[in-house]
Every structure is written in structure tokens, then in C-alpha cells.
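Peer 1: Okay, so here is query_34.txt, and as you'll see once you scroll down, it has compact mmCIF, C-alpha atoms.
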# COMPACT_ATOMS: atom_id res chain seq x y z
CA MET A 1 99.83 185.46 48.21
CA ALA A 2 96.56 183.58 48.08
CA ILE A 3 95.19 181.96 44.95
CA ARG A 4 92.09 183.72 43.69
CA LEU A 5 89.60 181.95 41.43
CA TYR A 6 87.17 184.12 39.52
CA GLU A 7 84.04 182.06 39.13
CA LEU A 8 80.64 182.45 37.56
CA ALA A 9 78.19 183.03 40.42
CA GLY A 10 74.49 183.55 40.87
CA THR A 11 72.79 186.29 42.88
CA ASP A 12 74.02 184.27 45.84
CA PRO A 13 77.82 184.64 45.58
CA ASN A 14 78.19 181.10 46.92
CA LEU A 15 76.11 179.59 44.14
CA VAL A 16 78.86 178.93 41.60
CA PHE A 17 77.72 177.04 38.56
CA SER A 18 79.99 177.21 35.51
CA PRO A 19 81.10 173.75 34.34
CA TYR A 20 84.53 175.19 33.54
CA CYS A 21 84.86 176.79 36.97
CA TRP A 22 83.82 173.54 38.65
CA ARG A 23 86.58 171.71 36.83
CA ILE A 24 89.06 174.10 38.43
CA ARG A 25 87.41 173.97 41.87
CA PHE A 26 87.93 170.22 41.84
CA ALA A 27 91.43 170.61 40.37
CA LEU A 28 92.52 172.99 43.14
CA ALA A 29 91.11 170.67 45.79
CA HIS A 30 92.91 167.74 44.13
CA LYS A 31 96.17 169.65 44.52
CA GLY A 32 95.33 170.54 48.12
CA LEU A 33 95.51 174.25 47.26
CA HIS A 34 93.41 176.73 49.16
CA PHE A 35 91.81 179.50 47.15
CA GLU A 36 89.65 182.54 47.54
CA SER A 37 86.55 182.49 45.36
CA VAL A 38 85.80 185.79 43.62
CA PRO A 39 82.21 185.79 42.37
CA TRP A 40 81.73 187.06 38.86
CA ARG A 41 78.39 187.65 37.17
CA PHE A 42 77.45 187.71 33.51
CA THR A 43 78.13 191.17 31.97
CA GLU A 44 80.84 192.13 34.50
CA THR A 45 83.44 192.38 31.75
CA GLU A 46 85.45 195.13 33.47
CA LYS A 47 86.12 192.89 36.42
CA LEU A 48 88.10 190.50 34.21
CA ALA A 49 89.93 193.15 32.17
CA PHE A 50 93.16 192.40 34.10
CA SER A 51 93.16 188.92 32.53
CA GLY A 52 93.12 190.25 28.98
CA GLN A 53 89.94 188.40 28.11
CA ALA A 54 86.31 188.23 29.18
CA ARG A 55 85.56 184.74 30.48
CA VAL A 56 85.77 182.79 33.70
CA PRO A 57 87.44 180.84 35.14
CA VAL A 58 90.42 183.09 35.73
CA LEU A 59 93.06 181.95 38.18
CA ALA A 60 95.26 184.56 39.81
CA ASP A 61 98.14 182.85 41.58
CA GLY A 62 100.18 185.71 42.98
CA ASP A 63 101.18 187.64 39.86
CA VAL A 64 100.43 184.83 37.44
CA VAL A 65 97.06 185.19 35.76
CA THR A 66 95.69 182.28 33.71
CA SER A 67 92.36 181.95 31.96
CA ASP A 68 90.63 179.03 30.24
CA SER A 69 90.02 175.89 32.29
CA TRP A 70 92.34 173.66 30.26
CA ALA A 71 95.19 176.18 30.46
CA ILE A 72 94.62 176.51 34.19
CA ALA A 73 94.76 172.75 34.71
CA ARG A 74 98.04 172.64 32.75
CA TYR A 75 99.38 175.58 34.77
CA LEU A 76 98.54 173.82 38.01
CA ASP A 77 100.35 170.64 36.94
CA ALA A 78 103.40 172.66 35.84
CA THR A 79 103.53 174.75 39.00
CA TYR A 80 102.41 172.16 41.56
CA PRO A 81 103.58 168.84 40.11
CA ASP A 82 102.42 166.66 43.01
CA ALA A 83 99.15 164.79 42.39
CA PRO A 84 99.09 165.24 38.61
CA LEU A 85 95.76 166.24 37.11
CA LEU A 86 96.73 165.32 33.56
CA PRO A 87 99.24 162.46 33.47
CA ASN A 88 98.68 162.35 29.69
CA PRO A 89 97.20 165.64 28.47
CA ALA A 90 96.92 164.42 24.86
CA HIS A 91 94.31 161.79 25.67
CA ALA A 92 92.48 163.86 28.27
CA ARG A 93 92.03 166.46 25.53
CA PHE A 94 89.58 164.11 23.92
CA ILE A 95 87.53 163.86 27.12
CA ASN A 96 87.62 167.65 27.42
CA ALA A 97 86.51 168.00 23.79
CA TRP A 98 83.70 165.51 24.32
CA ALA A 99 82.51 167.36 27.42
CA ASP A 100 82.63 170.74 25.64
CA GLY A 101 81.29 169.61 22.28
CA VAL A 102 78.81 166.89 23.20
CA LEU A 103 77.99 166.78 26.91
CA GLY A 104 77.54 170.54 27.47
CA PRO A 105 75.23 171.01 24.47
CA ALA A 106 73.27 167.93 25.61
CA ILE A 107 72.77 169.34 29.14
CA ALA A 108 71.86 172.90 28.15
CA PRO A 109 68.35 172.16 26.82
CA PHE A 110 67.41 170.74 30.22
CA VAL A 111 68.53 173.58 32.46
CA VAL A 112 69.17 176.77 30.51
CA ARG A 113 65.83 178.34 31.44
CA ASP A 114 66.43 177.76 35.14
CA ILE A 115 69.61 179.83 35.07
CA LEU A 116 67.46 182.97 34.75
CA ASP A 117 66.10 182.40 38.24
CA ILE A 118 69.46 182.27 39.99
CA ILE A 119 71.29 185.18 38.36
CA PRO A 120 70.90 188.85 39.29
CA GLU A 121 68.11 190.87 37.70
CA THR A 122 70.76 192.98 35.94
CA ALA A 123 72.14 189.97 34.03
CA ARG A 124 68.83 188.41 32.96
CA GLU A 125 68.18 190.42 29.85
CA TYR A 126 71.71 189.71 28.58
CA PHE A 127 71.42 186.02 29.39
CA ARG A 128 68.01 185.58 27.84
CA SER A 129 68.76 187.43 24.62
CA SER A 130 72.21 185.90 24.02
CA ARG A 131 70.99 182.34 24.68
CA GLU A 132 67.76 182.72 22.75
CA ALA A 133 69.76 183.97 19.78
CA ARG A 134 71.96 180.87 20.05
CA PHE A 135 69.02 178.44 20.27
CA GLY A 136 66.72 180.34 17.91
CA ARG A 137 63.86 179.84 20.40
CA THR A 138 62.72 181.21 23.75
CA LEU A 139 64.37 179.59 26.78
CA GLU A 140 60.96 178.30 27.81
CA GLN A 141 60.62 176.54 24.45
CA VAL A 142 64.13 175.11 24.74
CA VAL A 143 63.43 173.26 27.98
CA GLU A 144 59.91 172.16 27.03
CA GLY A 145 59.31 168.41 27.23
CA ARG A 146 62.58 167.80 29.03
CA GLU A 147 61.23 164.86 31.00
CA SER A 148 60.82 162.91 27.76
CA ARG A 149 64.41 163.66 26.74
CA ARG A 150 66.11 162.04 29.70
CA GLU A 151 66.48 158.68 27.95
CA ALA A 152 68.29 160.28 25.03
CA PHE A 153 70.53 162.13 27.45
CA ALA A 154 71.36 158.87 29.22
CA ALA A 155 72.43 157.48 25.83
CA THR A 156 74.79 160.44 25.40
CA LEU A 157 76.60 159.35 28.56
CA MET A 158 77.35 155.92 27.07
CA PRO A 159 81.15 156.40 26.81
CA VAL A 160 81.33 157.34 30.49
CA ARG A 161 79.26 154.31 31.42
CA LEU A 162 81.43 151.96 29.36
CA VAL A 163 84.59 153.25 31.04
CA LEU A 164 83.07 152.86 34.51
CA ARG A 165 82.45 149.17 33.77
CA GLU A 166 86.22 148.75 33.64
CA GLN A 167 87.54 151.16 36.27
CA PRO A 168 86.12 153.11 39.24
CA TRP A 169 87.12 156.56 37.98
CA LEU A 170 87.65 158.12 34.58
CA GLY A 171 91.20 158.66 35.84
CA GLY A 172 91.59 154.92 36.49
CA GLU A 173 92.13 153.66 40.03
CA ALA A 174 91.94 157.21 41.41
CA PRO A 175 90.16 160.36 40.27
CA ASP A 176 91.96 162.95 38.19
CA TYR A 177 91.13 165.81 35.85
CA ALA A 178 89.19 163.49 33.51
CA ASP A 179 86.68 163.02 36.33
CA TYR A 180 86.56 166.73 37.09
CA ILE A 181 85.89 167.59 33.45
CA VAL A 182 82.79 165.43 33.23
CA ALA A 183 81.65 166.04 36.82
CA GLY A 184 82.04 169.80 36.20
CA SER A 185 79.41 169.65 33.48
CA LEU A 186 77.09 167.67 35.73
CA MET A 187 77.67 170.13 38.61
CA TRP A 188 76.50 172.88 36.31
CA ALA A 189 73.14 171.11 35.85
CA ARG A 190 72.91 170.28 39.53
CA CYS A 191 73.62 173.80 40.74
CA VAL A 192 71.30 175.72 38.43
CA SER A 193 68.26 173.46 38.33
CA ARG A 194 66.15 171.15 40.47
CA PHE A 195 65.47 169.03 37.41
CA ALA A 196 67.23 165.66 37.71
CA ILE A 197 68.91 164.88 34.40
CA LEU A 198 70.38 161.55 35.56
CA PHE A 199 68.47 158.37 36.33
CA GLU A 200 68.90 157.02 39.86
CA ASP A 201 70.00 153.57 38.70
CA ASP A 202 72.63 154.79 36.22
CA PRO A 203 76.22 153.86 37.17
CA VAL A 204 77.10 157.38 36.08
CA THR A 205 74.90 158.66 38.92
CA THR A 206 76.86 156.59 41.45
CA TRP A 207 80.19 157.78 40.06
CA PHE A 208 79.00 161.43 40.10
CA SER A 209 77.97 161.01 43.72
CA ASN A 210 81.47 159.64 44.43
CA VAL A 211 83.05 162.70 42.82
CA ARG A 212 80.88 165.01 44.92
CA ALA A 213 81.98 163.18 48.05
CA LEU A 214 85.66 163.91 47.35
CA PHE A 215 87.53 166.65 49.24
CA ASP A 216 85.32 166.55 52.28
CA GLY A 217 82.16 166.53 50.19
CA MET A 218 82.95 169.69 48.27
CA GLY A 219 80.57 168.92 45.42
CA GLU A 220 77.90 167.49 47.68
CA LYS A 221 77.85 170.58 49.87
CA ALA A 222 77.65 172.96 46.93
CA ILE A 223 74.87 175.54 47.06
CA THR A 224 72.20 174.70 44.49
CA ALA A 225 69.11 176.40 43.11
CA MET B 1 108.06 132.12 16.57
CA ALA B 2 106.17 134.57 14.41
CA ILE B 3 103.27 136.65 15.65
CA ARG B 4 99.98 135.60 14.09
CA LEU B 5 97.02 137.94 13.94
CA TYR B 6 93.63 136.37 13.27
CA GLU B 7 91.66 138.99 11.41
CA LEU B 8 88.21 139.35 9.96
CA ALA B 9 88.57 139.00 6.18
CA GLY B 10 86.38 139.11 3.12
CA THR B 11 86.26 136.58 0.31
CA ASP B 12 89.59 138.11 -0.63
CA PRO B 13 91.83 137.08 2.29
CA ASN B 14 93.69 140.37 1.92
CA LEU B 15 90.55 142.44 2.42
CA VAL B 16 90.63 142.80 6.20
CA PHE B 17 87.98 145.08 7.58
CA SER B 18 87.21 144.75 11.28
CA PRO B 19 87.69 148.04 13.15
CA TYR B 20 89.10 146.08 16.09
CA CYS B 21 91.54 144.19 13.90
CA TRP B 22 92.67 147.42 12.26
CA ARG B 23 93.48 148.87 15.66
CA ILE B 24 95.85 145.95 16.21
CA ARG B 25 97.31 146.11 12.68
CA PHE B 26 98.30 149.70 13.38
CA ALA B 27 99.45 148.81 16.90
CA LEU B 28 101.78 146.07 15.64
CA ALA B 29 103.22 148.39 13.00
CA HIS B 30 103.69 151.07 15.68
CA LYS B 31 105.78 148.58 17.65
CA GLY B 32 107.70 147.57 14.56
CA LEU B 33 106.53 143.99 14.94
CA HIS B 34 106.08 141.78 11.92
CA PHE B 35 103.09 139.50 11.88
CA GLU B 36 101.42 136.87 9.79
CA SER B 37 97.79 137.63 9.00
CA VAL B 38 95.44 134.69 9.38
CA PRO B 39 92.18 135.43 7.60
CA TRP B 40 89.05 134.53 9.53
CA ARG B 41 85.52 134.67 8.17
CA PHE B 42 82.21 135.06 9.95
CA THR B 43 80.90 131.67 11.21
CA GLU B 44 84.37 130.04 11.41
CA THR B 45 84.02 129.54 15.14
CA GLU B 46 86.10 126.36 15.24
CA LYS B 47 89.11 128.20 13.91
CA LEU B 48 89.22 130.38 17.05
CA ALA B 49 88.47 127.62 19.55
CA PHE B 50 92.12 127.61 20.66
CA SER B 51 91.60 131.14 22.00
CA GLY B 52 88.74 130.14 24.27
CA GLN B 53 86.34 132.60 22.69
CA ALA B 54 84.76 133.32 19.32
CA ARG B 55 85.84 136.77 18.17
CA VAL B 56 88.68 138.40 16.31
CA PRO B 57 91.19 139.89 16.70
CA VAL B 58 93.15 137.11 18.29
CA LEU B 59 96.90 137.56 18.67
CA ALA B 60 99.08 134.47 18.96
CA ASP B 61 102.57 135.51 20.02
CA GLY B 62 104.43 132.22 20.33
CA ASP B 63 102.46 130.40 23.02
CA VAL B 64 100.69 133.48 24.33
CA VAL B 65 97.19 133.87 22.98
CA THR B 66 95.31 137.11 23.60
CA SER B 67 91.90 138.17 22.36
CA ASP B 68 90.02 141.49 22.51
CA SER B 69 91.68 144.51 20.92
CA TRP B 70 92.11 146.44 24.17
CA ALA B 71 93.66 143.44 25.92
CA ILE B 72 95.98 142.92 22.95
CA ALA B 73 97.13 146.56 23.02
CA ARG B 74 97.86 146.22 26.74
CA TYR B 75 99.67 142.96 26.11
CA LEU B 76 101.83 144.57 23.45
CA ASP B 77 102.79 147.44 25.76
CA ALA B 78 103.62 145.02 28.57
CA THR B 79 105.65 142.70 26.36
CA TYR B 80 107.26 145.23 24.02
CA PRO B 81 107.56 148.38 26.13
CA ASP B 82 109.31 150.50 23.48
CA ALA B 83 107.07 152.97 21.66
CA PRO B 84 104.15 152.84 24.14
CA LEU B 85 100.71 152.59 22.64
CA LEU B 86 98.89 153.58 25.81
CA PRO B 87 100.98 155.93 27.94
CA ASN B 88 97.87 156.44 30.09
CA PRO B 89 95.42 153.59 29.57
CA ALA B 90 92.81 155.10 31.91
CA HIS B 91 92.15 158.09 29.66
CA ALA B 92 92.48 156.19 26.40
CA ARG B 93 89.73 153.93 27.72
CA PHE B 94 87.35 156.81 27.18
CA ILE B 95 88.38 157.16 23.55
CA ASN B 96 87.99 153.41 23.12
CA ALA B 97 84.54 153.55 24.73
CA TRP B 98 83.52 156.44 22.51
CA ALA B 99 84.68 154.59 19.39
CA ASP B 100 82.85 151.41 20.41
CA GLY B 101 79.72 153.00 21.79
CA VAL B 102 79.26 156.05 19.56
CA LEU B 103 81.44 156.01 16.46
CA GLY B 104 80.89 152.38 15.46
CA PRO B 105 77.09 152.56 15.76
CA ALA B 106 77.19 155.84 13.79
CA ILE B 107 79.18 154.26 10.93
CA ALA B 108 77.24 151.02 10.66
CA PRO B 109 74.07 152.47 9.03
CA PHE B 110 76.22 153.76 6.16
CA VAL B 111 78.07 150.61 5.25
CA VAL B 112 76.51 147.53 6.77
CA ARG B 113 74.71 146.51 3.57
CA ASP B 114 77.93 146.67 1.56
CA ILE B 115 79.59 144.08 3.76
CA LEU B 116 77.38 141.42 2.16
CA ASP B 117 79.17 141.95 -1.15
CA ILE B 118 82.68 141.32 0.14
CA ILE B 119 82.16 138.27 2.35
CA PRO B 120 81.93 134.67 1.14
CA GLU B 121 78.58 133.31 0.02
CA THR B 122 78.66 130.91 2.98
CA ALA B 123 78.69 133.76 5.50
CA ARG B 124 76.02 135.96 3.95
CA GLU B 125 72.94 134.35 5.43
CA TYR B 126 74.46 134.52 8.91
CA PHE B 127 75.53 138.12 8.44
CA ARG B 128 72.21 139.28 7.05
CA SER B 129 70.02 137.59 9.62
CA SER B 130 72.12 138.52 12.66
CA ARG B 131 72.43 142.19 11.60
CA GLU B 132 68.83 142.54 10.51
CA ALA B 133 67.74 141.18 13.89
CA ARG B 134 69.93 143.81 15.56
CA PHE B 135 68.60 146.70 13.46
CA GLY B 136 65.02 145.44 13.21
CA ARG B 137 65.07 146.25 9.48
CA THR B 138 66.52 144.85 6.27
CA LEU B 139 70.11 145.90 5.55
CA GLU B 140 68.85 147.71 2.46
CA GLN B 141 66.50 149.77 4.62
CA VAL B 142 69.26 150.52 7.11
CA VAL B 143 71.50 152.19 4.55
CA GLU B 144 68.68 153.98 2.72
CA GLY B 145 69.13 157.75 2.44
CA ARG B 146 72.71 157.61 3.66
CA GLU B 147 73.78 160.61 1.58
CA SER B 148 71.48 162.82 3.63
CA ARG B 149 72.94 161.52 6.88
CA ARG B 150 76.53 162.58 6.26
CA GLU B 151 76.09 165.94 7.98
CA ALA B 152 74.84 164.28 11.15
CA PHE B 153 77.76 161.87 11.00
CA ALA B 154 80.19 164.77 10.68
CA ALA B 155 78.66 166.21 13.86
CA THR B 156 79.36 162.93 15.64
CA LEU B 157 83.05 163.43 14.92
CA MET B 158 83.08 166.77 16.75
CA PRO B 159 85.29 165.64 19.66
CA VAL B 160 87.96 164.40 17.23
CA ARG B 161 87.80 167.68 15.32
CA LEU B 162 88.15 169.76 18.50
CA VAL B 163 91.21 167.78 19.58
CA LEU B 164 92.83 168.17 16.15
CA ARG B 165 92.55 171.95 16.49
CA GLU B 166 95.00 171.70 19.36
CA GLN B 167 97.36 168.90 18.36
CA PRO B 168 98.25 167.00 15.17
CA TRP B 169 97.36 163.53 16.49
CA LEU B 170 94.95 162.18 19.05
CA GLY B 171 98.11 160.94 20.74
CA GLY B 172 99.49 164.51 20.89
CA GLU B 173 102.68 165.33 18.98
CA ALA B 174 102.92 161.78 17.64
CA PRO B 175 100.37 159.09 16.85
CA ASP B 176 99.56 156.39 19.38
CA TYR B 177 96.80 153.93 20.12
CA ALA B 178 94.24 156.74 20.46
CA ASP B 179 94.73 157.41 16.76
CA TYR B 180 94.56 153.74 15.87
CA ILE B 181 91.30 153.30 17.77
CA VAL B 182 89.47 155.98 15.82
CA ALA B 183 91.23 155.31 12.51
CA GLY B 184 90.38 151.61 12.90
CA SER B 185 86.68 152.44 12.83
CA LEU B 186 87.15 154.61 9.76
CA MET B 187 89.21 151.88 8.04
CA TRP B 188 86.25 149.56 8.52
CA ALA B 189 84.02 151.93 6.53
CA ARG B 190 86.72 152.50 3.92
CA CYS B 191 87.45 148.83 3.35
CA VAL B 192 83.90 147.56 3.07
CA SER B 193 82.23 150.33 1.08
CA ARG B 194 82.82 152.79 -1.71
CA PHE B 195 80.50 155.24 0.01
CA ALA B 196 82.48 158.20 1.38
CA ILE B 197 81.29 158.91 4.90
CA LEU B 198 83.71 161.83 5.47
CA PHE B 199 83.59 165.23 3.79
CA GLU B 200 86.70 166.20 1.83
CA ASP B 201 87.19 169.49 3.70
CA ASP B 202 86.87 168.01 7.18
CA PRO B 203 90.10 168.22 9.25
CA VAL B 204 89.25 164.68 10.36
CA THR B 205 89.66 163.60 6.72
CA THR B 206 93.17 165.08 6.63
CA TRP B 207 94.11 163.42 9.89
CA PHE B 208 92.72 160.06 8.72
CA SER B 209 94.77 160.37 5.56
CA ASN B 210 97.83 161.04 7.73
CA VAL B 211 97.15 157.88 9.74
CA ARG B 212 96.84 155.83 6.55
CA ALA B 213 100.20 157.19 5.39
CA LEU B 214 101.96 155.86 8.50
CA PHE B 215 104.09 152.71 8.36
CA ASP B 216 104.88 152.96 4.70
CA GLY B 217 101.28 153.70 3.80
CA MET B 218 99.83 150.60 5.44
CA GLY B 219 96.30 152.00 5.68
CA GLU B 220 96.47 153.72 2.31
CA LYS B 221 97.50 150.52 0.54
CA ALA B 222 94.78 148.45 2.19
CA ILE B 223 92.59 146.42 -0.14
CA THR B 224 89.11 147.93 -0.29
CA ALA B 225 85.76 146.91 -1.76
How does the structure come out when it is put into C-alpha cells?
Peer 2:
Amino acid sequence: MAIRLYELAGTDPNLVFSPYCWRIRFALAHKGLHFESVPWRFTETEKLAFSGQARVPVLADGDVVTSDSWAIARYLDATYPDAPLLPNPAHARFINAWADGVLGPAIAPFVVRDILDIIPETAREYFRSSREARFGRTLEQVVEGRESRREAFAATLMPVRLVLREQPWLGGEAPDYADYIVAGSLMWARCVSRFAILFEDDPVTTWFSNVRALFDGMGEKAITA
Amino acid sequence: MAIRLYELAGTDPNLVFSPYCWRIRFALAHKGLHFESVPWRFTETEKLAFSGQARVPVLADGDVVTSDSWAIARYLDATYPDAPLLPNPAHARFINAWADGVLGPAIAPFVVRDILDIIPETAREYFRSSREARFGRTLEQVVEGRESRREAFAATLMPVRLVLREQPWLGGEAPDYADYIVAGSLMWARCVSRFAILFEDDPVTTWFSNVRALFDGMGEKAITA
């Protein structure tokens, strides 16, 4: 039975943009596993009821249903041990925590307004009101002056840049889930917005381009806004 | 032949305070290796000439001389493979980069002035002028208002806190070099200053206390300002 990946999608079902779903897209490709993408839109809670929770990604591998990107990555390593994603999960946890707690919140104020334009009409009111409540401002106010905030964002990426001075991938000599964690967050920005958050001459930009080139250019070919 | 560790020390040779040296103190204890501490003070460049560079920590293990904390940790794993410090160096590199690039610079503005009081008279002019050039302000100005900056510092520790929700140590079920990296930076603050940078009720505070309790309370018993 095929693997199905429930992913956050835009009006265009092929525009998938969740950082957590991108982690798993890359992870499945890393394992050489084919999957069927099931587009899921904000507010479609019923569609995920079978998973016992309300968020994507959800991986349905035959009868085994797993949610939460970290749990899915662990499931994939346990079930398909070739080409490990997480040779040492304890340390990769820190990278995951940094991406969730620092990188994601740093990216959001650049692109959150643009998400409105790519999601279906029916989801916009939910998206706007839930996110504006979180930020305490309108989405338009949140992204205001983003050009002037690129330098500060580049500083946020410092740990990635320091690692890339020493090794070509966050995974070391070859890419692994550490790369997909961070690249997943950057794919989110890339897919939902035309605004370039990275500077051209940043080594992080080169590495991100290398991640997109993996798996026959899966990230590079991704549908964007 | 005994292992000698050249460490940054205060006027009191037992007050060792470099974050990088503390990483190696913990690492040696983790391996169960005894070592002789050789106190080194700022400006004593000649004393390190044998290592071909000018910074501590320097580890002299018989005839083998290694400098740079990361290189020393790798050397210890290669030479004494029991009780690995870095089961996956590639991912721990990120934690090391975060500690060097984010945590260290976040701690410095709390404690850098206090370092003047614990180092020998002869090193103070060097320390003040080199650090003031780096900050572009007097050391007194740098630490000004530090009480009001504790909340922001706590936010910086977010990735550590998120990891500790999932596992007791940064190393997973048991401490390893990931713990010593981050605890080393916190030992720096603890040893040079009476100012408490951590909040009592922070899970990071509990974890840090647990690290200090390791190895017969090595960190807990450390001489402080």
C-alpha cells in the first residue's frame, strides 16, 4: 500500500509550503520512498480526524498513521533503517528545537502576509484572525519594513553559517535530517513569498541551493507563489 | 605521562573560567581521565608557544599537544574511545556553533566587567582595552542595566529548554559533550560573576545544576568570584 503524506497546500494543491511537511518530503526522498501527496488546507480538521489530531504532516504508511514531523522522521528510521535520517537523534533534537523556536519565528515576520494570497478564500479569515491574534498586529503591519530586517535575519543564521565553514552539510559529509529541518523552514519562505530573505552571497544561500538540488531537484522544482 | 590542561585562570590559579576550558574539564572527567591543571593568564603568550598558537585550552597528553576545544574533544574520542563524547560530531557541531556564535555573545554583556576583578593586575589593561575595542564601549557601560536584560537572555536559551522537554540531557538519556558545550558557557558566567543570569524556575537552571553535580560535583565545587 502506498505511503500517503498529508501536507499543507495552497489553493494550488501542488503548492505545498509547511516547513514541517517539507522536512518529511525531503526525508521520504532521502529514504528513496515514493509517496502520494494529499493536499490539506487550513480549517479542514475533519480530513485529519483519522490521525487523532489536527495538524499536518500526517504520514499514512499502510495502516500505520504517524503525525508530527519529528515522530515521522523517527518512524521512518525505525521502519526503513537504510540511509539513516537521524544517526544521533539526541543532538539533532537541538537543531530541530532551534528551527522551531528561533528560525521559524524569525522567518514568519517576512512572509506571513503573503500566505493569504496563496490559500483558498475559505481559509483566509481563519488564517488572518488566528495569526493576527498571535502577533497582536495586522499581517500587513507584521511584514512592514521587512527589507530593513534582512541583516538581522542573516545574523540569526549564524550557527548554520559556522557549521558550514567546517563541513558541506549540516549532516556532515552528506546531507541528513539536520539539513532537511533547516531547509524545510527556508522552503516555507520560498514557497509562500517572492520576498528573498537570504542574501545572495551568504554561504547559507549556497547550501540551501544544494539542498534544493538533491533528489533530482525536488526543492528547486517546487511550485512557489 | 600525565595529561596537562592549560586553562585560563584568575589571580587565584584555581579559579578557572574559560567556557572552552570548562568544556574540556567536563570532557576529561567524562572519560575518567585525570589531569594536571596548568593555570594560564591573559597575555602569557610565551607559555603557550610550544603549542604553536596563543589560546587555551591546550591539552598536552604525553607528547601530543592539541589546541582548540573542539579538536581536543575529537582527540579524546579518537584516543580514548570509551564513553564517547561526540557520537555524531556533525550534529554536535551545530550546538558548538550555537554556543560560540549565540550563547557566548549573549552572556558576555552580563559578566564581562566582572572579569577585571578576578584577573591579575598585570592582565587588566590588556583585558579592558581589547574588550572595550570589541564592544565599542567601556566595560561598565556594557554591563549597565543587566537586570533588565535577563528576560531576553532567557529567550536566547529557548532551544535548550525545548530539548529538555523531551530528554533529560542534551546528549539524550545521558550527558555527553553537547551538555558540556552549553554548560561550559554557563560555568564561565558562574565563575567570573556573582550576577545570576538564569532564573531559578527555568528548567535550564535545573539541568545546569545537574551538570554541575556530575563527576563528584566538579562544577558545583568550582571556585567562583
Peer 1: Mind checking which residues fall within 9 Å of A:Trp70, counting all atoms listed in the file, ignoring those fewer than 6 positions away in the same chain, and posting them as a PDB file with C-alpha atoms, in the frame of the given file?
Peer 2:
ATOM      1  CA  TYR A  20      84.530 175.190  33.540  1.00  0.00           C
ATOM      2  CA  ARG A  23      86.580 171.710  36.830  1.00  0.00           C
ATOM      3  CA  ILE A  24      89.060 174.100  38.430  1.00  0.00           C
ATOM      4  CA  ARG A  93      92.030 166.460  25.530  1.00  0.00           C
ATOM      5  CA  ASN A  96      87.620 167.650  27.420  1.00  0.00           C
TER       6      ASN A  96
END
Peer 1: Identify the residues around (81.7, 157.6, 0.7) within a radius of 12 Å, measuring from all atoms listed in the file in the coordinates stated by the file, and give them as a ChimeraX atom specification.
Peer 2: /B:107,110-111,114,146-150,153,186-187,189-200,205,225
Peer 1: Provide as a ChimeraX atom specification the residues of chain A at most 9 Å from chain B, counting all atoms listed in the file.
Peer 2: /A:87-102,156,158-163,166-167,169-173,178
Peer 1: Report, in Å to a single decimal, how far apart atom CA of A:Gly52 and atom CA of A:Ser129 are.
Peer 2: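 Distance between the two atoms: 24.9 Å.
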Peer 1: Using all atoms listed in the file, which residues sit within 6 Å of B:Ile3 once same-chain residues fewer than 3 positions away are excluded, as a ChimeraX atom specification?
Peer 2: /B:35,60-61
Peer 1: Give me the residues within 12 Å of A:Ala2 as a ChimeraX atom specification, counting all atoms listed in the file and dropping any in the same chain fewer than 3 places off.
Peer 2: /A:5,33-38,59-64
Peer 1: Can you measure atom CA of A:Val211 to atom CA of A:Phe26 for me? One decimal in Å is fine.
Peer 2: 9.0 Å
Peer 1: Can you work out the spacing between atom CA of A:Gln141 and atom CA of A:Ile115 in Å, to one decimal?
Peer 2: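 These atoms are spaced 14.3 Å apart.
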Peer 1: Taking only C-alpha atoms into account, name the residue in A:Arg113, A:Arg131, A:Arg124, A:Arg4 that is nearest to A:Leu28.
Peer 2: A:Arg4
Peer 1: B:Pro57, B:Pro19, B:Gly219, B:Gly32: which is nearest B:Pro105, counting only C-alpha atoms?
Peer 2: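 Using only C-alpha atoms, B:Pro105 sits closest to B:Pro19.
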Peer 1: Using only C-alpha atoms for the distances, tell me which of A:Leu214, A:Ala108, A:Ala123, A:Leu76 is nearest to A:Ala9.
Peer 2: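 Of A:Leu214, A:Ala108, A:Ala123, A:Leu76, the one nearest A:Ala9 is A:Ala123, counting only C-alpha atoms.
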Peer 1: Under the rule that all atoms listed in the file are counted, which of B:Phe17, B:Ala54, B:Tyr180, B:Arg25 is the nearest residue to B:Val112?
Peer 2: B:Phe17
